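Engineer: Coordinates in protein_24.pdb, PDB, C-alpha atoms, pLDDT in the B column, are listed below.
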ATOM      1  CA  MET A 173     265.976 -82.817 -29.744  1.00 45.00           C
ATOM      2  CA  TYR A 174     265.795 -82.954 -33.554  1.00 44.00           C
ATOM      3  CA  SER A 175     263.748 -85.262 -35.703  1.00 46.00           C
ATOM      4  CA  GLU A 176     263.706 -86.021 -39.409  1.00 52.00           C
ATOM      5  CA  ARG A 177     260.403 -84.153 -39.516  1.00 66.00           C
ATOM      6  CA  HIS A 178     262.097 -80.898 -38.465  1.00 85.00           C
ATOM      7  CA  GLU A 179     260.535 -80.595 -35.055  1.00 92.00           C
ATOM      8  CA  PHE A 180     262.159 -79.716 -31.765  1.00 95.00           C
ATOM      9  CA  HIS A 181     261.304 -79.014 -28.171  1.00 97.00           C
ATOM     10  CA  LEU A 182     263.497 -76.985 -25.808  1.00 97.00           C
ATOM     11  CA  SER A 183     262.956 -76.119 -22.155  1.00 97.00           C
ATOM     12  CA  ILE A 184     265.345 -73.412 -21.008  1.00 97.00           C
ATOM     13  CA  GLY A 185     265.977 -71.696 -17.695  1.00 96.00           C
ATOM     14  CA  SER A 186     264.713 -68.124 -17.362  1.00 97.00           C
ATOM     15  CA  ARG A 187     267.976 -66.436 -18.322  1.00 95.00           C
ATOM     16  CA  PHE A 188     268.504 -64.028 -21.216  1.00 95.00           C
ATOM     17  CA  GLU A 189     271.728 -65.825 -22.137  1.00 93.00           C
ATOM     18  CA  ASN A 190     269.658 -68.900 -23.055  1.00 95.00           C
ATOM     19  CA  ILE A 191     267.906 -67.032 -25.882  1.00 96.00           C
ATOM     20  CA  ASP A 192     271.019 -67.575 -28.007  1.00 95.00           C
ATOM     21  CA  LEU A 193     270.639 -71.350 -27.540  1.00 96.00           C
ATOM     22  CA  VAL A 194     267.110 -71.186 -28.964  1.00 97.00           C
ATOM     23  CA  GLN A 195     268.405 -69.037 -31.825  1.00 96.00           C
ATOM     24  CA  VAL A 196     271.112 -71.554 -32.781  1.00 96.00           C
ATOM     25  CA  VAL A 197     268.718 -74.517 -32.837  1.00 96.00           C
ATOM     26  CA  LEU A 198     266.028 -72.514 -34.637  1.00 97.00           C
ATOM     27  CA  ASN A 199     268.433 -71.229 -37.281  1.00 96.00           C
ATOM     28  CA  ASP A 200     269.835 -74.709 -37.959  1.00 95.00           C
ATOM     29  CA  THR A 201     266.326 -76.127 -38.300  1.00 96.00           C
ATOM     30  CA  LEU A 202     265.151 -73.367 -40.635  1.00 96.00           C
ATOM     31  CA  GLU A 203     268.321 -73.731 -42.719  1.00 95.00           C
ATOM     32  CA  ALA A 204     267.666 -77.473 -43.033  1.00 94.00           C
ATOM     33  CA  LEU A 205     264.190 -76.603 -44.282  1.00 94.00           C
ATOM     34  CA  GLY A 206     265.732 -74.403 -46.994  1.00 94.00           C
ATOM     35  CA  VAL A 207     264.490 -71.103 -45.577  1.00 95.00           C
ATOM     36  CA  GLU A 208     266.567 -68.231 -46.997  1.00 94.00           C
ATOM     37  CA  GLU A 209     268.772 -66.138 -44.692  1.00 93.00           C
ATOM     38  CA  GLY A 210     266.656 -62.976 -44.587  1.00 93.00           C
ATOM     39  CA  GLU A 211     263.529 -64.930 -43.707  1.00 95.00           C
ATOM     40  CA  ARG A 212     265.457 -66.916 -41.075  1.00 96.00           C
ATOM     41  CA  HIS A 213     266.539 -63.643 -39.481  1.00 95.00           C
ATOM     42  CA  ARG A 214     262.964 -62.315 -39.370  1.00 96.00           C
ATOM     43  CA  ILE A 215     261.643 -65.522 -37.767  1.00 97.00           C
ATOM     44  CA  ASP A 216     264.598 -65.547 -35.360  1.00 97.00           C
ATOM     45  CA  LEU A 217     263.896 -61.989 -34.272  1.00 97.00           C
ATOM     46  CA  ALA A 218     260.204 -62.724 -33.649  1.00 98.00           C
ATOM     47  CA  VAL A 219     261.042 -65.830 -31.600  1.00 98.00           C
ATOM     48  CA  ARG A 220     263.697 -63.876 -29.675  1.00 97.00           C
ATOM     49  CA  GLU A 221     261.018 -61.373 -28.690  1.00 97.00           C
ATOM     50  CA  ALA A 222     258.634 -64.144 -27.598  1.00 97.00           C
ATOM     51  CA  VAL A 223     261.287 -65.921 -25.508  1.00 97.00           C
ATOM     52  CA  ALA A 224     262.542 -62.631 -24.025  1.00 96.00           C
ATOM     53  CA  ASN A 225     258.976 -61.732 -22.993  1.00 95.00           C
ATOM     54  CA  ALA A 226     258.561 -65.177 -21.414  1.00 96.00           C
ATOM     55  CA  VAL A 227     261.819 -64.824 -19.465  1.00 96.00           C
ATOM     56  CA  LYS A 228     261.324 -61.199 -18.423  1.00 94.00           C
ATOM     57  CA  HIS A 229     257.584 -60.659 -18.049  1.00 93.00           C
ATOM     58  CA  GLY A 230     256.163 -64.195 -17.819  1.00 94.00           C
ATOM     59  CA  ASN A 231     258.671 -65.831 -15.503  1.00 96.00           C
ATOM     60  CA  ALA A 232     260.128 -62.614 -14.056  1.00 95.00           C
ATOM     61  CA  GLN A 233     263.597 -64.209 -14.488  1.00 95.00           C
ATOM     62  CA  ASP A 234     262.726 -66.739 -11.765  1.00 95.00           C
ATOM     63  CA  PRO A 235     265.461 -69.406 -12.069  1.00 90.00           C
ATOM     64  CA  ASP A 236     263.007 -72.112 -10.962  1.00 93.00           C
ATOM     65  CA  LYS A 237     260.684 -71.427 -13.900  1.00 96.00           C
ATOM     66  CA  LYS A 238     261.246 -72.660 -17.448  1.00 97.00           C
ATOM     67  CA  VAL A 239     260.441 -71.351 -20.900  1.00 97.00           C
ATOM     68  CA  HIS A 240     259.233 -74.048 -23.290  1.00 97.00           C
ATOM     69  CA  VAL A 241     259.779 -73.728 -27.046  1.00 98.00           C
ATOM     70  CA  ASP A 242     258.137 -76.091 -29.544  1.00 97.00           C
ATOM     71  CA  PHE A 243     258.866 -75.911 -33.272  1.00 97.00           C
ATOM     72  CA  GLY A 244     256.997 -77.732 -36.002  1.00 96.00           C
ATOM     73  CA  VAL A 245     255.920 -77.445 -39.626  1.00 95.00           C
ATOM     74  CA  GLU A 246     252.260 -77.765 -40.572  1.00 92.00           C
ATOM     75  CA  GLY A 247     251.372 -77.690 -44.264  1.00 89.00           C
ATOM     76  CA  GLY A 248     254.103 -75.301 -45.381  1.00 91.00           C
ATOM     77  CA  THR A 249     253.817 -73.103 -42.301  1.00 96.00           C
ATOM     78  CA  VAL A 250     256.305 -73.049 -39.457  1.00 97.00           C
ATOM     79  CA  VAL A 251     254.569 -73.015 -36.091  1.00 97.00           C
ATOM     80  CA  ILE A 252     256.504 -72.004 -32.985  1.00 98.00           C
ATOM     81  CA  ARG A 253     254.944 -72.129 -29.542  1.00 98.00           C
ATOM     82  CA  VAL A 254     256.645 -70.322 -26.655  1.00 98.00           C
ATOM     83  CA  ARG A 255     255.233 -70.926 -23.174  1.00 97.00           C
ATOM     84  CA  ASP A 256     256.154 -69.458 -19.807  1.00 96.00           C
ATOM     85  CA  GLU A 257     255.183 -70.545 -16.300  1.00 96.00           C
ATOM     86  CA  GLY A 258     254.054 -67.100 -15.154  1.00 92.00           C
ATOM     87  CA  ALA A 259     250.831 -65.546 -13.920  1.00 87.00           C
ATOM     88  CA  GLY A 260     249.387 -64.582 -17.300  1.00 79.00           C
ATOM     89  CA  PHE A 261     249.660 -61.806 -19.849  1.00 76.00           C
ATOM     90  CA  ASP A 262     247.130 -59.468 -21.443  1.00 79.00           C
ATOM     91  CA  PRO A 263     248.407 -58.280 -24.842  1.00 81.00           C
ATOM     92  CA  GLN A 264     245.596 -55.700 -24.927  1.00 81.00           C
ATOM     93  CA  ALA A 265     247.212 -53.938 -21.966  1.00 82.00           C
ATOM     94  CA  VAL A 266     250.344 -53.115 -23.960  1.00 84.00           C
ATOM     95  CA  ALA A 267     250.484 -49.502 -25.145  1.00 87.00           C
ATOM     96  CA  ASP A 268     250.773 -48.913 -28.895  1.00 90.00           C
ATOM     97  CA  PRO A 269     254.504 -48.217 -29.497  1.00 91.00           C
ATOM     98  CA  LEU A 270     253.617 -46.309 -32.669  1.00 91.00           C
ATOM     99  CA  ASP A 271     251.577 -43.783 -30.699  1.00 89.00           C
ATOM    100  CA  GLU A 272     253.416 -40.453 -30.632  1.00 89.00           C
ATOM    101  CA  SER A 273     253.442 -40.494 -26.813  1.00 89.00           C
ATOM    102  CA  GLN A 274     255.283 -43.842 -26.836  1.00 89.00           C
ATOM    103  CA  LYS A 275     257.692 -43.149 -29.674  1.00 86.00           C
ATOM    104  CA  LEU A 276     260.745 -42.539 -27.454  1.00 90.00           C
ATOM    105  CA  SER A 277     259.773 -45.061 -24.787  1.00 90.00           C
ATOM    106  CA  PRO A 278     262.632 -47.437 -23.918  1.00 89.00           C
ATOM    107  CA  ASP A 279     260.380 -50.521 -24.096  1.00 89.00           C
ATOM    108  CA  GLY A 280     257.069 -51.956 -25.311  1.00 91.00           C
ATOM    109  CA  ARG A 281     258.006 -52.854 -28.911  1.00 95.00           C
ATOM    110  CA  GLY A 282     258.402 -56.644 -28.711  1.00 95.00           C
ATOM    111  CA  LEU A 283     254.791 -57.535 -29.488  1.00 95.00           C
ATOM    112  CA  LEU A 284     254.736 -55.203 -32.499  1.00 96.00           C
ATOM    113  CA  TYR A 285     257.876 -56.848 -33.881  1.00 97.00           C
ATOM    114  CA  MET A 286     256.340 -60.305 -33.488  1.00 97.00           C
ATOM    115  CA  ARG A 287     253.182 -59.219 -35.312  1.00 97.00           C
ATOM    116  CA  ARG A 288     255.055 -57.485 -38.143  1.00 97.00           C
ATOM    117  CA  LEU A 289     257.607 -60.252 -38.692  1.00 97.00           C
ATOM    118  CA  MET A 290     255.217 -63.229 -38.580  1.00 98.00           C
ATOM    119  CA  ASP A 291     251.952 -63.985 -40.375  1.00 98.00           C
ATOM    120  CA  GLU A 292     250.005 -64.799 -37.235  1.00 98.00           C
ATOM    121  CA  VAL A 293     250.613 -64.257 -33.500  1.00 97.00           C
ATOM    122  CA  THR A 294     248.216 -65.634 -30.901  1.00 96.00           C
ATOM    123  CA  HIS A 295     248.409 -65.425 -27.110  1.00 95.00           C
ATOM    124  CA  MET A 296     246.503 -67.897 -24.954  1.00 94.00           C
ATOM    125  CA  GLU A 297     246.408 -69.295 -21.460  1.00 91.00           C
ATOM    126  CA  HIS A 298     248.007 -72.754 -21.419  1.00 89.00           C
ATOM    127  CA  PRO A 299     246.112 -75.594 -19.662  1.00 89.00           C
ATOM    128  CA  ALA A 300     249.277 -76.405 -17.695  1.00 86.00           C
ATOM    129  CA  GLY A 301     249.556 -72.774 -16.564  1.00 86.00           C
ATOM    130  CA  GLY A 302     251.339 -69.741 -17.883  1.00 93.00           C
ATOM    131  CA  THR A 303     250.934 -67.964 -21.196  1.00 95.00           C
ATOM    132  CA  GLU A 304     251.619 -69.485 -24.587  1.00 96.00           C
ATOM    133  CA  VAL A 305     252.286 -67.415 -27.670  1.00 97.00           C
ATOM    134  CA  MET A 306     251.929 -69.166 -31.013  1.00 98.00           C
ATOM    135  CA  LEU A 307     253.851 -67.724 -33.959  1.00 98.00           C
ATOM    136  CA  LYS A 308     253.078 -68.801 -37.523  1.00 98.00           C
ATOM    137  CA  LYS A 309     254.943 -68.053 -40.735  1.00 97.00           C
ATOM    138  CA  ARG A 310     254.283 -69.455 -44.190  1.00 96.00           C
ATOM    139  CA  ILE A 311     257.531 -70.524 -45.857  1.00 92.00           C
ATOM    140  CA  ALA A 312     257.967 -71.346 -49.511  1.00 79.00           C
ATOM    141  CA  SER A 313     260.385 -74.216 -48.980  1.00 62.00           C
ATOM    142  CA  ALA A 314     258.531 -76.357 -46.398  1.00 51.00           C
TER     143      ALA A 314
ATOM    144  CA  MET B 165     278.882 -57.581 -28.303  1.00 93.00           C
ATOM    145  CA  LYS B 166     282.225 -55.788 -28.490  1.00 95.00           C
ATOM    146  CA  VAL B 167     282.565 -52.012 -28.148  1.00 96.00           C
ATOM    147  CA  THR B 168     285.605 -50.038 -29.279  1.00 97.00           C
ATOM    148  CA  ALA B 169     285.866 -46.331 -28.499  1.00 96.00           C
ATOM    149  CA  ARG B 170     287.957 -43.721 -30.283  1.00 96.00           C
ATOM    150  CA  HIS B 171     287.878 -39.949 -30.511  1.00 95.00           C
ATOM    151  CA  HIS B 172     288.054 -37.417 -33.312  1.00 94.00           C
ATOM    152  CA  ASP B 173     287.678 -33.627 -33.021  1.00 90.00           C
ATOM    153  CA  GLY B 174     285.411 -33.714 -29.974  1.00 93.00           C
ATOM    154  CA  VAL B 175     283.301 -36.633 -31.174  1.00 97.00           C
ATOM    155  CA  THR B 176     283.408 -40.011 -29.428  1.00 98.00           C
ATOM    156  CA  ILE B 177     283.041 -42.803 -31.954  1.00 98.00           C
ATOM    157  CA  LEU B 178     281.731 -46.083 -30.539  1.00 98.00           C
ATOM    158  CA  GLU B 179     282.189 -49.023 -32.885  1.00 98.00           C
ATOM    159  CA  LEU B 180     279.761 -51.815 -31.983  1.00 98.00           C
ATOM    160  CA  LYS B 181     280.258 -55.385 -33.149  1.00 97.00           C
ATOM    161  CA  GLY B 182     277.811 -58.261 -32.662  1.00 97.00           C
ATOM    162  CA  LYS B 183     274.299 -58.344 -31.188  1.00 96.00           C
ATOM    163  CA  ILE B 184     272.509 -55.528 -29.371  1.00 97.00           C
ATOM    164  CA  THR B 185     270.016 -57.788 -27.644  1.00 96.00           C
ATOM    165  CA  ILE B 186     268.323 -58.169 -24.281  1.00 96.00           C
ATOM    166  CA  GLY B 187     270.402 -58.669 -21.177  1.00 91.00           C
ATOM    167  CA  VAL B 188     273.785 -58.574 -22.896  1.00 90.00           C
ATOM    168  CA  GLY B 189     274.394 -56.203 -25.810  1.00 94.00           C
ATOM    169  CA  ASP B 190     271.887 -53.610 -24.610  1.00 95.00           C
ATOM    170  CA  VAL B 191     273.642 -53.455 -21.228  1.00 95.00           C
ATOM    171  CA  GLN B 192     277.055 -53.128 -22.889  1.00 96.00           C
ATOM    172  CA  LEU B 193     275.790 -50.270 -25.068  1.00 97.00           C
ATOM    173  CA  ARG B 194     274.391 -48.475 -22.005  1.00 96.00           C
ATOM    174  CA  GLU B 195     277.661 -48.935 -20.112  1.00 97.00           C
ATOM    175  CA  ALA B 196     279.779 -47.743 -23.039  1.00 97.00           C
ATOM    176  CA  VAL B 197     277.702 -44.601 -23.483  1.00 96.00           C
ATOM    177  CA  THR B 198     277.625 -43.909 -19.726  1.00 96.00           C
ATOM    178  CA  GLU B 199     281.401 -44.290 -19.585  1.00 96.00           C
ATOM    179  CA  ALA B 200     281.855 -41.916 -22.530  1.00 96.00           C
ATOM    180  CA  LEU B 201     279.555 -39.297 -20.985  1.00 96.00           C
ATOM    181  CA  GLN B 202     281.307 -39.568 -17.609  1.00 96.00           C
ATOM    182  CA  ALA B 203     284.615 -39.022 -19.414  1.00 95.00           C
ATOM    183  CA  GLY B 204     283.241 -35.732 -20.738  1.00 95.00           C
ATOM    184  CA  ALA B 205     281.915 -36.761 -24.156  1.00 95.00           C
ATOM    185  CA  LYS B 206     279.123 -34.618 -25.553  1.00 96.00           C
ATOM    186  CA  ASN B 207     278.736 -35.794 -29.118  1.00 97.00           C
ATOM    187  CA  ILE B 208     278.611 -39.510 -29.915  1.00 98.00           C
ATOM    188  CA  LEU B 209     278.724 -41.336 -33.239  1.00 98.00           C
ATOM    189  CA  LEU B 210     277.569 -44.950 -33.086  1.00 98.00           C
ATOM    190  CA  ASP B 211     279.126 -47.103 -35.813  1.00 98.00           C
ATOM    191  CA  LEU B 212     276.691 -50.005 -36.279  1.00 98.00           C
ATOM    192  CA  GLY B 213     278.382 -51.430 -39.373  1.00 97.00           C
ATOM    193  CA  ALA B 214     279.345 -54.697 -37.657  1.00 98.00           C
ATOM    194  CA  VAL B 215     276.073 -55.166 -35.754  1.00 97.00           C
ATOM    195  CA  THR B 216     274.322 -58.382 -36.759  1.00 95.00           C
ATOM    196  CA  THR B 217     271.097 -58.282 -34.744  1.00 95.00           C
ATOM    197  CA  VAL B 218     269.113 -55.691 -32.805  1.00 97.00           C
ATOM    198  CA  ASP B 219     266.022 -56.751 -30.852  1.00 97.00           C
ATOM    199  CA  SER B 220     263.390 -54.556 -29.169  1.00 97.00           C
ATOM    200  CA  SER B 221     265.587 -54.128 -26.088  1.00 97.00           C
ATOM    201  CA  GLY B 222     268.451 -53.024 -28.310  1.00 97.00           C
ATOM    202  CA  VAL B 223     266.144 -50.565 -30.049  1.00 97.00           C
ATOM    203  CA  GLY B 224     265.000 -49.340 -26.628  1.00 96.00           C
ATOM    204  CA  GLU B 225     268.607 -48.797 -25.595  1.00 96.00           C
ATOM    205  CA  LEU B 226     269.358 -46.873 -28.804  1.00 97.00           C
ATOM    206  CA  VAL B 227     266.364 -44.635 -28.047  1.00 97.00           C
ATOM    207  CA  SER B 228     267.433 -44.169 -24.402  1.00 97.00           C
ATOM    208  CA  THR B 229     270.945 -43.327 -25.511  1.00 97.00           C
ATOM    209  CA  TYR B 230     269.615 -40.792 -28.007  1.00 97.00           C
ATOM    210  CA  THR B 231     267.415 -39.186 -25.326  1.00 96.00           C
ATOM    211  CA  THR B 232     270.192 -39.096 -22.712  1.00 96.00           C
ATOM    212  CA  VAL B 233     272.742 -37.507 -25.039  1.00 97.00           C
ATOM    213  CA  THR B 234     270.214 -34.982 -26.423  1.00 97.00           C
ATOM    214  CA  ASN B 235     269.035 -33.989 -22.931  1.00 96.00           C
ATOM    215  CA  ARG B 236     272.648 -33.223 -22.014  1.00 96.00           C
ATOM    216  CA  GLY B 237     272.921 -30.821 -24.943  1.00 96.00           C
ATOM    217  CA  GLY B 238     274.858 -33.199 -27.165  1.00 97.00           C
ATOM    218  CA  LYS B 239     274.127 -35.045 -30.375  1.00 97.00           C
ATOM    219  CA  LEU B 240     273.978 -38.757 -31.124  1.00 97.00           C
ATOM    220  CA  LYS B 241     274.224 -39.919 -34.718  1.00 98.00           C
ATOM    221  CA  ILE B 242     274.569 -43.272 -36.463  1.00 98.00           C
ATOM    222  CA  LEU B 243     277.199 -44.405 -38.943  1.00 98.00           C
ATOM    223  CA  ASN B 244     276.890 -47.454 -41.223  1.00 98.00           C
ATOM    224  CA  LEU B 245     273.368 -48.712 -40.551  1.00 97.00           C
ATOM    225  CA  PRO B 246     273.015 -52.343 -41.741  1.00 97.00           C
ATOM    226  CA  SER B 247     269.838 -53.004 -43.737  1.00 95.00           C
ATOM    227  CA  ARG B 248     268.583 -55.506 -41.159  1.00 94.00           C
ATOM    228  CA  VAL B 249     268.893 -52.925 -38.397  1.00 96.00           C
ATOM    229  CA  ALA B 250     267.301 -50.291 -40.627  1.00 96.00           C
ATOM    230  CA  ASP B 251     264.350 -52.655 -41.153  1.00 95.00           C
ATOM    231  CA  VAL B 252     263.927 -53.030 -37.395  1.00 96.00           C
ATOM    232  CA  LEU B 253     263.960 -49.243 -36.885  1.00 96.00           C
ATOM    233  CA  GLN B 254     261.569 -48.827 -39.811  1.00 95.00           C
ATOM    234  CA  ILE B 255     258.945 -51.133 -38.269  1.00 95.00           C
ATOM    235  CA  THR B 256     258.712 -48.968 -35.171  1.00 93.00           C
ATOM    236  CA  GLN B 257     258.948 -45.736 -37.191  1.00 92.00           C
ATOM    237  CA  LEU B 258     262.193 -44.739 -35.462  1.00 93.00           C
ATOM    238  CA  ILE B 259     264.276 -44.503 -38.620  1.00 91.00           C
ATOM    239  CA  THR B 260     263.490 -40.778 -38.863  1.00 91.00           C
ATOM    240  CA  VAL B 261     264.556 -40.094 -35.275  1.00 93.00           C
ATOM    241  CA  PHE B 262     268.206 -40.868 -35.964  1.00 95.00           C
ATOM    242  CA  GLU B 263     270.523 -38.974 -38.291  1.00 96.00           C
ATOM    243  CA  VAL B 264     272.280 -41.690 -40.297  1.00 97.00           C
ATOM    244  CA  PHE B 265     275.482 -41.508 -42.369  1.00 97.00           C
ATOM    245  CA  ASP B 266     277.367 -44.016 -44.482  1.00 96.00           C
ATOM    246  CA  ASN B 267     280.545 -41.931 -44.650  1.00 97.00           C
ATOM    247  CA  GLU B 268     282.542 -41.256 -41.479  1.00 97.00           C
ATOM    248  CA  ALA B 269     284.081 -37.975 -42.647  1.00 97.00           C
ATOM    249  CA  GLU B 270     280.646 -36.578 -43.500  1.00 97.00           C
ATOM    250  CA  ALA B 271     279.264 -37.793 -40.193  1.00 98.00           C
ATOM    251  CA  LEU B 272     282.056 -36.137 -38.214  1.00 97.00           C
ATOM    252  CA  ALA B 273     281.718 -32.896 -40.167  1.00 97.00           C
ATOM    253  CA  SER B 274     278.004 -32.752 -39.348  1.00 97.00           C
ATOM    254  CA  PHE B 275     278.496 -32.287 -35.585  1.00 95.00           C
TER     255      PHE B 275
END
What would you get if you wrote out this structure as structure tokens?
Structural biologist:
Amino acid sequence: MYSERHEFHLSIGSRFENIDLVQVVLNDTLEALGVEEGERHRIDLAVREAVANAVKHGNAQDPDKKVHVDFGVEGGTVVIRVRDEGAGFDPQAVADPLDESQKLSPDGRGLLYMRRLMDEVTHMEHPAGGTEVMLKKRIASA
Amino acid sequence: MKVTARHHDGVTILELKGKITIGVGDVQLREAVTEALQAGAKNILLDLGAVTTVDSSGVGELVSTYTTVTNRGGKLKILNLPSRVADVLQITQLITVFEVFDNEAEALASF
């Protein structure tokens, strides 16, 4: 799972309980890279949102579908790819949670958190199927 | 997440400890508030001092809880808001929705 180059790949079942497993591995890896606690928490929260979206919206909590998480470091930037096996996702279709009409909505904030907590967030269709979200964050220690 | 309930002068104080996150903590928060309301509670003070993480589902549950309690004619306020949780509420501009206290006596007196 780990390598000396601080990379990992996880494939988890589509259960919310498994998000904590990703968090533990991610936190350990970021700590080994020397990322300070506050920054680790921000990256963790963004990845939580990505994995939760993959479990809930992408895979619709289908136990036969997996969520794939890949972590790597490219030139001082951590790059995390989260892929589901669902039917696709259009980020443009998500209502703006900062709009006054959405302010007290019980959901719809995950994408905003990802965008505010990371430097770059990109959604794309994966060649193997499903949606992949790529999260990038520049870190001083890498 | 662990929830401990206690009561003081007509206010139900729910002390939350751990993560308010999707599928686990958010459900426990909803159940704790529902149980308090069914037991006759009107005013609720959420003590978030020992909360370590809140994700968007946790934020959604806090908003739902606020709406439910307000619609029933009660008040929901927050005690001991950790800076990390405050940051999360700030991003979605919800920090101004909640009345926040860092002193329990002042919080209780405000109801």
Engineer: Compute the chain A side of the contact with chain B at 10 Å, counting all atoms listed in the file, and hand it back as a ChimeraX atom specification.
Structural biologist: /A:187-189,191-192,210,213-214,216-218,220-221,224,228,269-271,275-285,288-289
Engineer: Using CA of Ala259 (chain A) and CA of Arg287 (chain A) as the two end points, give the distance in Å to one decimal.
Structural biologist: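 Result for CA of Ala259 (chain A) versus CA of Arg287 (chain A): 22.4 Å, one decimal.
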Engineer: Please report, as lines of an AutoDock Vina configuration file, the centre and edge lengths in Å to one decimal of an axis-aligned box covering all listed atoms of region 257-262 of chain A with 5 Å per side.
Structural biologist:
center_x = 251.2
center_y = -65.0
center_z = -17.7
size_x = 18.1
size_y = 21.1
size_z = 17.5
Engineer: CA of Asp256 (chain A) and CA of Asn225 (chain A), how far apart in Å?
Structural biologist: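 Here the two named atoms are 8.8 Å from each other.
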Engineer: Taking the file above as input, evaluate the PyMOL selection byres ((chain B and resi 193-200) around 9) and report the hits as a short mmCIF file (atom, residue, chain, number, x, y, z; two decimals) with C-alpha atoms, keeping the file's coordinate frame.
Structural biologist:
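Result saved to out10.cif:
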data_model
loop_
_atom_site.label_atom_id
_atom_site.label_comp_id
_atom_site.auth_asym_id
_atom_site.auth_seq_id
_atom_site.Cartn_x
_atom_site.Cartn_y
_atom_site.Cartn_z
CA MET B 165 278.88 -57.58 -28.30
CA VAL B 167 282.56 -52.01 -28.15
CA THR B 168 285.60 -50.04 -29.28
CA ALA B 169 285.87 -46.33 -28.50
CA THR B 176 283.41 -40.01 -29.43
CA LEU B 178 281.73 -46.08 -30.54
CA LEU B 180 279.76 -51.82 -31.98
CA ILE B 184 272.51 -55.53 -29.37
CA VAL B 188 273.79 -58.57 -22.90
CA GLY B 189 274.39 -56.20 -25.81
CA ASP B 190 271.89 -53.61 -24.61
CA VAL B 191 273.64 -53.46 -21.23
CA GLN B 192 277.06 -53.13 -22.89
CA LEU B 201 279.56 -39.30 -20.98
CA GLN B 202 281.31 -39.57 -17.61
CA ALA B 203 284.62 -39.02 -19.41
CA GLY B 204 283.24 -35.73 -20.74
CA ALA B 205 281.92 -36.76 -24.16
CA LYS B 206 279.12 -34.62 -25.55
CA ILE B 208 278.61 -39.51 -29.92
CA GLY B 222 268.45 -53.02 -28.31
CA GLU B 225 268.61 -48.80 -25.60
CA LEU B 226 269.36 -46.87 -28.80
CA SER B 228 267.43 -44.17 -24.40
CA THR B 229 270.94 -43.33 -25.51
CA VAL B 233 272.74 -37.51 -25.04
#
Engineer: Carefully work through the PyMOL selection byres ((chain A and resi 234) around 10) for this structure and note down the residues it includes, as a list of chain:residue names.
Structural biologist: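 Applying the expression gives A:Gly185, A:Ser186, A:Arg187, A:Val227, A:Lys228, A:Gly230, A:Asn231, A:Ala232, A:Gln233, A:Pro235, A:Asp236, A:Lys237, A:Lys238, A:Glu257, A:Gly258.
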Engineer: For Asp173 (chain B), work out the shell of residues within 12 Å, counting all atoms listed in the file and skipping chain neighbours fewer than 4 positions away, then give it as a VMD selection string.
Structural biologist: chain B and resid 177 205 to 209 269 271 to 275
Engineer: Show which residues sit within 8 Å of Asn244 (chain B), as number ranges by chain. Count all atoms listed in the file, and ignore same-chain residues fewer than 3 positions away.
Structural biologist: B: 211-213, 264-267
Engineer: Can you tell me how far CA of Gly260 (chain A) sits from CA of Ala226 (chain A), in Å to one decimal?
Structural biologist: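 Rounded to one decimal, the two atoms are 10.1 Å apart.
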Engineer: At a cut-off of 9 Å, using all atoms listed in the file, what residues contact His178 (chain A)? Leave out same-chain residues fewer than 5 positions from it and give the result as a list in words.
Structural biologist: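 The residues that qualify are Thr201, Leu202, Ala204, Leu205, Phe243, Gly244 and Val245 of chain A.
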Engineer: Filtering to C-alpha atoms, could you give me those residues as a compact mmCIF listing (two decimals), in the coordinates of the input?
Structural biologist:
# COMPACT_ATOMS: atom_id res chain seq x y z
CA THR A 201 266.33 -76.13 -38.30
CA LEU A 202 265.15 -73.37 -40.64
CA ALA A 204 267.67 -77.47 -43.03
CA LEU A 205 264.19 -76.60 -44.28
CA PHE A 243 258.87 -75.91 -33.27
CA GLY A 244 257.00 -77.73 -36.00
CA VAL A 245 255.92 -77.44 -39.63
Engineer: Excluding same-chain residues fewer than 2 positions from Leu198 (chain A), what lies within 9 Å of it counting all atoms listed in the file, as JSON, numbers by chain?
Structural biologist: {"A": [180, 193, 194, 195, 196, 200, 201, 202, 203, 212, 215, 216, 219, 243]}
